[in-house]
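Structure file entry31.cif (mmCIF, C-alpha atoms) is printed below.
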data_my_file
#
loop_
_atom_site.label_atom_id
_atom_site.label_comp_id
_atom_site.auth_asym_id
_atom_site.auth_seq_id
_atom_site.Cartn_x
_atom_site.Cartn_y
_atom_site.Cartn_z
CA MET A 1 37.66 -25.96 25.91
CA LYS A 2 35.31 -27.62 28.45
CA ARG A 3 35.85 -30.98 26.74
CA ILE A 4 39.64 -30.59 26.90
CA VAL A 5 39.48 -29.72 30.61
CA ALA A 6 37.19 -32.71 31.24
CA VAL A 7 39.60 -35.08 29.46
CA VAL A 8 42.60 -33.72 31.40
CA LEU A 9 40.76 -34.08 34.73
CA PHE A 10 39.71 -37.62 33.80
CA LEU A 11 43.31 -38.61 33.05
CA MET A 12 44.53 -36.99 36.27
CA VAL A 13 42.02 -39.06 38.26
CA ILE A 14 43.21 -42.24 36.52
CA LEU A 15 46.88 -41.44 37.05
CA GLY A 16 46.30 -40.45 40.67
CA SER A 17 44.47 -43.63 41.54
CA GLU A 18 46.14 -46.82 42.79
CA SER A 19 45.40 -49.11 39.83
CA VAL A 20 45.18 -52.75 40.87
CA PHE A 21 47.09 -53.65 37.69
CA ALA A 22 50.06 -51.35 38.12
CA ASN A 23 53.37 -53.04 38.81
CA PRO A 24 54.66 -51.34 42.00
CA ASP A 25 58.23 -52.32 41.11
CA MET A 26 58.16 -49.94 38.11
CA GLY A 27 58.28 -46.81 40.26
CA GLY A 28 61.69 -45.21 40.91
CA LYS A 29 63.23 -46.66 37.74
CA PHE A 30 65.60 -45.07 35.24
CA LYS A 31 64.78 -45.78 31.58
CA LEU A 32 67.03 -45.74 28.52
CA GLY A 33 65.49 -46.37 25.11
CA THR A 34 66.18 -46.31 21.38
CA GLN A 35 64.11 -46.47 18.21
CA LEU A 36 64.08 -49.64 16.07
CA LEU A 37 61.48 -48.89 13.38
CA ALA A 38 59.84 -45.64 12.35
CA PHE A 39 57.42 -44.22 9.82
CA ASP A 40 56.65 -40.54 9.54
CA TYR A 41 54.55 -38.26 7.41
CA SER A 42 55.41 -34.57 7.39
CA LYS A 43 54.06 -31.41 5.83
CA THR A 44 56.28 -28.34 5.79
CA THR A 45 54.97 -24.87 4.94
CA THR A 46 57.33 -22.01 4.16
CA GLU A 47 56.39 -18.36 3.59
CA TYR A 48 58.54 -15.58 2.15
CA GLU A 49 57.21 -12.17 1.12
CA GLY A 50 53.64 -13.46 1.17
CA GLU A 51 54.37 -16.50 -1.00
CA LYS A 52 53.57 -19.90 0.54
CA ASP A 53 54.97 -23.28 -0.48
CA ASP A 54 54.00 -26.73 0.86
CA THR A 55 56.26 -29.80 0.87
CA LYS A 56 54.97 -33.26 1.84
CA GLN A 57 57.24 -36.18 2.70
CA LYS A 58 56.87 -39.81 3.77
CA GLN A 59 59.75 -41.77 5.28
CA PHE A 60 60.29 -45.28 6.62
CA SER A 61 63.44 -46.35 8.45
CA ILE A 62 64.75 -49.52 10.05
CA GLY A 63 67.23 -48.95 12.83
CA ALA A 64 68.63 -45.59 13.83
CA THR A 65 69.30 -43.03 11.08
CA GLY A 66 71.24 -41.03 13.64
CA LEU A 67 71.81 -40.90 17.37
CA GLY A 68 68.27 -41.11 18.71
CA VAL A 69 67.85 -41.96 22.38
CA SER A 70 65.38 -41.32 25.18
CA ALA A 71 65.97 -41.25 28.91
CA GLY A 72 63.42 -41.03 31.68
CA TYR A 73 62.65 -41.62 35.33
CA THR A 74 59.43 -43.07 36.76
CA ILE A 75 58.56 -41.00 39.82
CA THR A 76 55.74 -43.49 40.42
CA PRO A 77 54.50 -46.32 38.16
CA TRP A 78 52.00 -43.78 36.76
CA ILE A 79 54.14 -40.64 36.35
CA GLU A 80 57.35 -40.26 34.35
CA VAL A 81 59.61 -37.38 33.29
CA GLY A 82 62.41 -37.51 30.74
CA GLY A 83 63.72 -36.34 27.42
CA ASN A 84 64.28 -37.40 23.81
CA LEU A 85 67.49 -36.54 21.95
CA LEU A 86 68.11 -36.82 18.22
CA PHE A 87 71.39 -36.09 16.43
CA GLN A 88 72.01 -36.70 12.73
CA TYR A 89 74.93 -35.87 10.47
CA LEU A 90 74.84 -36.46 6.73
CA SER A 91 77.52 -35.80 4.12
CA LEU A 92 77.35 -36.08 0.32
CA GLU A 93 80.00 -35.45 -2.34
CA SER A 94 79.12 -35.45 -6.04
CA GLY A 95 80.35 -33.74 -9.18
CA GLY A 96 82.76 -31.42 -7.41
CA SER A 97 80.17 -30.30 -4.85
CA GLU A 98 79.99 -31.15 -1.17
CA GLN A 99 76.87 -31.03 0.98
CA THR A 100 76.54 -31.57 4.72
CA MET A 101 73.58 -31.49 7.07
CA THR A 102 73.41 -31.55 10.86
CA ASN A 103 70.09 -32.14 12.60
CA PHE A 104 69.63 -31.73 16.36
CA ARG A 105 66.45 -32.03 18.42
CA LEU A 106 65.99 -31.94 22.21
CA PHE A 107 62.57 -32.69 23.67
CA PRO A 108 61.88 -32.81 27.45
CA TYR A 109 58.60 -34.59 28.19
CA PHE A 110 56.04 -35.47 30.85
CA GLN A 111 54.38 -38.88 30.58
CA GLY A 112 51.45 -40.53 32.31
CA ASN A 113 51.28 -44.33 32.32
CA ILE A 114 47.90 -46.05 32.46
CA TRP A 115 48.44 -49.69 33.41
CA VAL A 116 46.04 -52.26 31.97
CA SER A 117 47.90 -55.23 33.50
CA ASP A 118 51.09 -55.73 35.52
CA SER A 119 53.11 -55.93 32.28
CA VAL A 120 51.17 -53.71 29.82
CA PHE A 121 50.57 -49.97 30.03
CA VAL A 122 49.40 -47.09 27.84
CA PRO A 123 51.84 -44.14 27.86
CA LEU A 124 50.46 -40.63 27.23
CA GLN A 125 53.35 -38.29 26.46
CA ILE A 126 53.49 -34.52 25.93
CA GLY A 127 56.22 -31.90 25.97
CA VAL A 128 57.93 -29.00 24.27
CA GLY A 129 61.36 -28.81 22.71
CA TYR A 130 63.85 -27.23 20.34
CA GLY A 131 65.06 -28.32 16.93
CA MET A 132 67.94 -27.05 14.80
CA THR A 133 68.99 -28.07 11.32
CA LYS A 134 72.07 -26.68 9.59
CA GLY A 135 72.97 -27.41 5.99
CA GLU A 136 75.99 -26.33 3.97
CA ALA A 137 76.64 -26.71 0.24
CA LYS A 138 80.05 -26.03 -1.32
CA TYR A 139 80.87 -25.82 -5.01
CA ALA A 140 84.23 -24.48 -6.19
CA ASP A 141 84.78 -21.29 -4.17
CA GLU A 142 81.11 -20.69 -3.35
CA THR A 143 79.33 -21.71 -0.15
CA ALA A 144 75.64 -21.57 0.74
CA THR A 145 74.33 -22.23 4.25
CA THR A 146 70.82 -22.83 5.58
CA THR A 147 69.98 -22.76 9.30
CA THR A 148 66.56 -23.69 10.67
CA ASN A 149 65.48 -23.10 14.28
CA LEU A 150 62.16 -24.54 15.45
CA PHE A 151 60.06 -24.42 18.61
CA ILE A 152 58.34 -27.82 18.88
CA ILE A 153 55.25 -29.17 20.64
CA GLU A 154 54.99 -32.95 20.56
CA GLY A 155 52.76 -35.59 22.13
CA GLY A 156 50.70 -38.70 21.67
CA PRO A 157 49.68 -42.12 22.97
CA GLY A 158 51.26 -45.55 22.74
CA ILE A 159 51.28 -49.02 24.19
CA SER A 160 54.18 -50.76 25.97
CA PHE A 161 54.77 -54.42 26.79
CA LEU A 162 57.21 -55.72 29.40
CA PRO A 163 58.06 -59.34 28.46
CA ILE A 164 60.70 -59.20 31.22
CA ASP A 165 61.02 -56.87 34.21
CA PHE A 166 63.98 -54.86 32.86
CA ALA A 167 62.95 -54.30 29.22
CA SER A 168 59.88 -53.12 27.30
CA ILE A 169 58.80 -53.00 23.67
CA ASP A 170 57.15 -49.66 22.94
CA PHE A 171 54.76 -48.70 20.15
CA MET A 172 54.27 -44.92 19.95
CA LEU A 173 52.20 -42.55 17.82
CA ARG A 174 53.33 -38.93 18.10
CA PHE A 175 51.95 -35.72 16.66
CA VAL A 176 54.52 -32.98 16.16
CA TYR A 177 54.06 -29.28 15.42
CA GLY A 178 56.96 -26.90 14.98
CA THR A 179 57.27 -23.27 14.02
CA GLY A 180 60.31 -21.07 13.46
CA LYS A 181 62.65 -19.42 10.95
CA ILE A 182 64.93 -20.51 8.13
CA LYS A 183 68.02 -18.37 7.56
CA GLN A 184 69.66 -18.69 4.14
CA GLU A 185 73.06 -17.15 3.40
CA TYR A 186 74.69 -17.05 -0.04
CA ASP A 187 77.15 -14.73 -1.77
CA GLY A 188 77.17 -12.28 1.14
CA GLU A 189 73.37 -11.99 1.25
CA SER A 190 71.01 -13.30 3.92
CA ILE A 191 67.24 -13.86 3.94
CA LYS A 192 64.84 -15.23 6.57
CA ILE A 193 61.85 -17.45 5.77
CA ASP A 194 58.98 -18.40 8.07
CA GLU A 195 58.49 -22.15 8.45
CA SER A 196 55.96 -24.44 10.11
CA ILE A 197 55.96 -28.23 10.15
CA PHE A 198 53.40 -30.88 11.07
CA GLN A 199 54.44 -34.51 11.51
CA ILE A 200 52.78 -37.80 12.35
CA VAL A 201 55.38 -40.29 13.59
CA GLY A 202 54.80 -43.96 14.34
CA SER A 203 57.64 -45.90 15.93
CA VAL A 204 58.67 -49.16 17.57
CA GLY A 205 61.35 -48.96 20.25
CA LEU A 206 63.18 -50.91 22.92
CA THR A 207 63.59 -49.54 26.46
CA LEU A 208 65.74 -50.81 29.33
CA TRP A 209 64.48 -50.26 32.89
CA ILE A 210 67.27 -49.88 35.43
#
Kindly return the structure encoded in the file as structure tokens.
Amino acid sequence: MKRIVAVVLFLMVILGSESVFANPDMGGKFKLGTQLLAFDYSKTTTEYEGEKDDTKQKQFSIGATGLGVSAGYTITPWIEVGGNLLFQYLSLESGGSEQTMTNFRLFPYFQGNIWVSDSVFVPLQIGVGYGMTKGEAKYADETATTTTNLFIIEGGPGISFLPIDFASIDFMLRFVYGTGKIKQEYDGESIKIDESIFQIVGSVGLTLWI
């Protein structure tokens, strides 16, 4: 605990100081960003009636696999607040069955920016959020639904380059932990399953500074 407090105090001193490298024009800016490339590793653990099951998944994507945007505001060049929004909708029809999935995640964040030059800075981001996934499978006259609600803690470092004053290329590494419940409904019956998820997400994004 003492080490954690020491690290937090150290970062607060850095962020509170007037770095000679910081670009003073970057304070008071609105930011709008999107993800271009992403790789994530996730481990999901479910538990029902004392039985645990682990699922591991790796995924790589080019471009947006859904509506994924971030918006923020730089109070000063060193301090930023904002939020990340993800929305996905998938639909699959095969062999007389129809499956749909909706994924929604909202993540407000606080970010400290440590400038190493007037066009390069290291963002340190942390926040809490909410995630919801709803899936539905239909076959003939039968329908099964699955709803997952998660409380999420997310954060990590990155590095951002500003080749021009109004745009940056952002490399981020985020660690995500979520915990919540899965509700499954089928044939008039309903069960609830405990779920926890751990993710490591690496991404490359583009942000406009307005």
Residues in the PyMOL selection byres ((chain A and resi 135) around 10), expressed as a list in words:
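On the file shown, the PyMOL selection byres ((chain A and resi 135) around 10) covers Tyr89, Leu90, Ser91, Gln99, Thr100, Met101, Thr102, Asn103, Thr133, Lys134, Glu136, Ala137, Ala144, Thr145, Thr146, Thr147, Thr148 and Gln184 of chain A.
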In Å and to one decimal, atom CA of A:Gly112 is distant from atom CA of A:Ile169 by 16.9 Å
Which is closer to A:Gly82 than all the others in A:Trp115, A:Phe166, A:Phe30, A:Phe171, using all atoms listed in the file?
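When distances to A:Gly82 are compared using all atoms listed in the file, the smallest one comes from A:Phe30.
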With only C-alpha atoms counted, which protein, DNA or RNA residues have an atom no more than 6 Å from (60.5, -20.1, 4.5) in the file frame? Please answer as a PDB file with C-alpha atoms, in the frame of the given file.
ATOM      1  CA  THR A  46      57.330 -22.010   4.160  1.00  0.00           C
ATOM      2  CA  GLU A  47      56.390 -18.360   3.590  1.00  0.00           C
ATOM      3  CA  TYR A  48      58.540 -15.580   2.150  1.00  0.00           C
ATOM      4  CA  ILE A 182      64.930 -20.510   8.130  1.00  0.00           C
ATOM      5  CA  ILE A 193      61.850 -17.450   5.770  1.00  0.00           C
ATOM      6  CA  ASP A 194      58.980 -18.400   8.070  1.00  0.00           C
ATOM      7  CA  GLU A 195      58.490 -22.150   8.450  1.00  0.00           C
TER       8      GLU A 195
END
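The neighbours of A:Glu154 here are the residues that come within 8 Å of it, using all atoms listed in the file and leaving out any residue fewer than 6 positions away in the same chain; they are Ile126, Gly127, Val128, Gly129, Arg174, Phe175, Val176 and Tyr177 of chain A.
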Take atom CA of A:Thr55 and atom CA of A:Ala140 and report the distance between them in Å, one decimal.
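That distance, rounded to one decimal, is 29.3 Å.
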Between atom CA of A:Lys181 and atom CA of A:Leu150 - distance in Å to one decimal
6.8 Å
Could you tell me which of A:Thr143, A:Ser97, A:Ser117, A:Ser203 comes closest to A:Gly188 if we count all atoms listed in the file?
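When distances to A:Gly188 are compared using all atoms listed in the file, the smallest one comes from A:Thr143.
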Which residue of A:Gln57, A:Thr45, A:Gln88, A:Asn113 approaches A:Ile75 most closely, using all atoms listed in the file
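That would be A:Asn113, the residue with the smallest distance to A:Ile75.
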Please write the residues picked by the PyMOL selection byres ((chain A and resi 209) around 7) on this file as a list in words.
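When the PyMOL selection byres ((chain A and resi 209) around 7) is applied, the selected residues are Lys29, Phe30, Lys31, Leu32, Phe166, Ala167, Thr207, Leu208 and Ile210 of chain A.
Residue nearest A:Ile153, chosen from A:Ile197, A:Lys192, A:Val116, A:Glu98 and counting only C-alpha atoms: A:Ile197.
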Leaving out A:Pro123 and any residue of its chain fewer than 4 positions from it, which residues lie within 10 Å of it when counting only C-alpha atoms, given as a compact mmCIF listing (two decimals) with C-alpha atoms, keeping the file's coordinate frame?
# COMPACT_ATOMS: atom_id res chain seq x y z
CA TRP A 78 52.00 -43.78 36.76
CA ILE A 79 54.14 -40.64 36.35
CA GLU A 80 57.35 -40.26 34.35
CA GLN A 111 54.38 -38.88 30.58
CA GLY A 112 51.45 -40.53 32.31
CA ASN A 113 51.28 -44.33 32.32
CA ILE A 114 47.90 -46.05 32.46
CA TRP A 115 48.44 -49.69 33.41
CA GLY A 156 50.70 -38.70 21.67
CA PRO A 157 49.68 -42.12 22.97
CA GLY A 158 51.26 -45.55 22.74
CA ILE A 159 51.28 -49.02 24.19
CA SER A 160 54.18 -50.76 25.97
CA ASP A 170 57.15 -49.66 22.94
CA PHE A 171 54.76 -48.70 20.15
CA MET A 172 54.27 -44.92 19.95
Could you tell me, as a PDB file with C-alpha atoms, in the coordinates of the input, exactly which residues end up selected when the PyMOL selection byres ((chain A and resi 36) around 6) is applied to this structure?
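The resulting file, result.pdb, is shown below:
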ATOM      1  CA  GLN A  35      64.110 -46.470  18.210  1.00  0.00           C
ATOM      2  CA  LEU A  37      61.480 -48.890  13.380  1.00  0.00           C
ATOM      3  CA  GLY A  63      67.230 -48.950  12.830  1.00  0.00           C
ATOM      4  CA  VAL A 204      58.670 -49.160  17.570  1.00  0.00           C
ATOM      5  CA  GLY A 205      61.350 -48.960  20.250  1.00  0.00           C
TER       6      GLY A 205
END
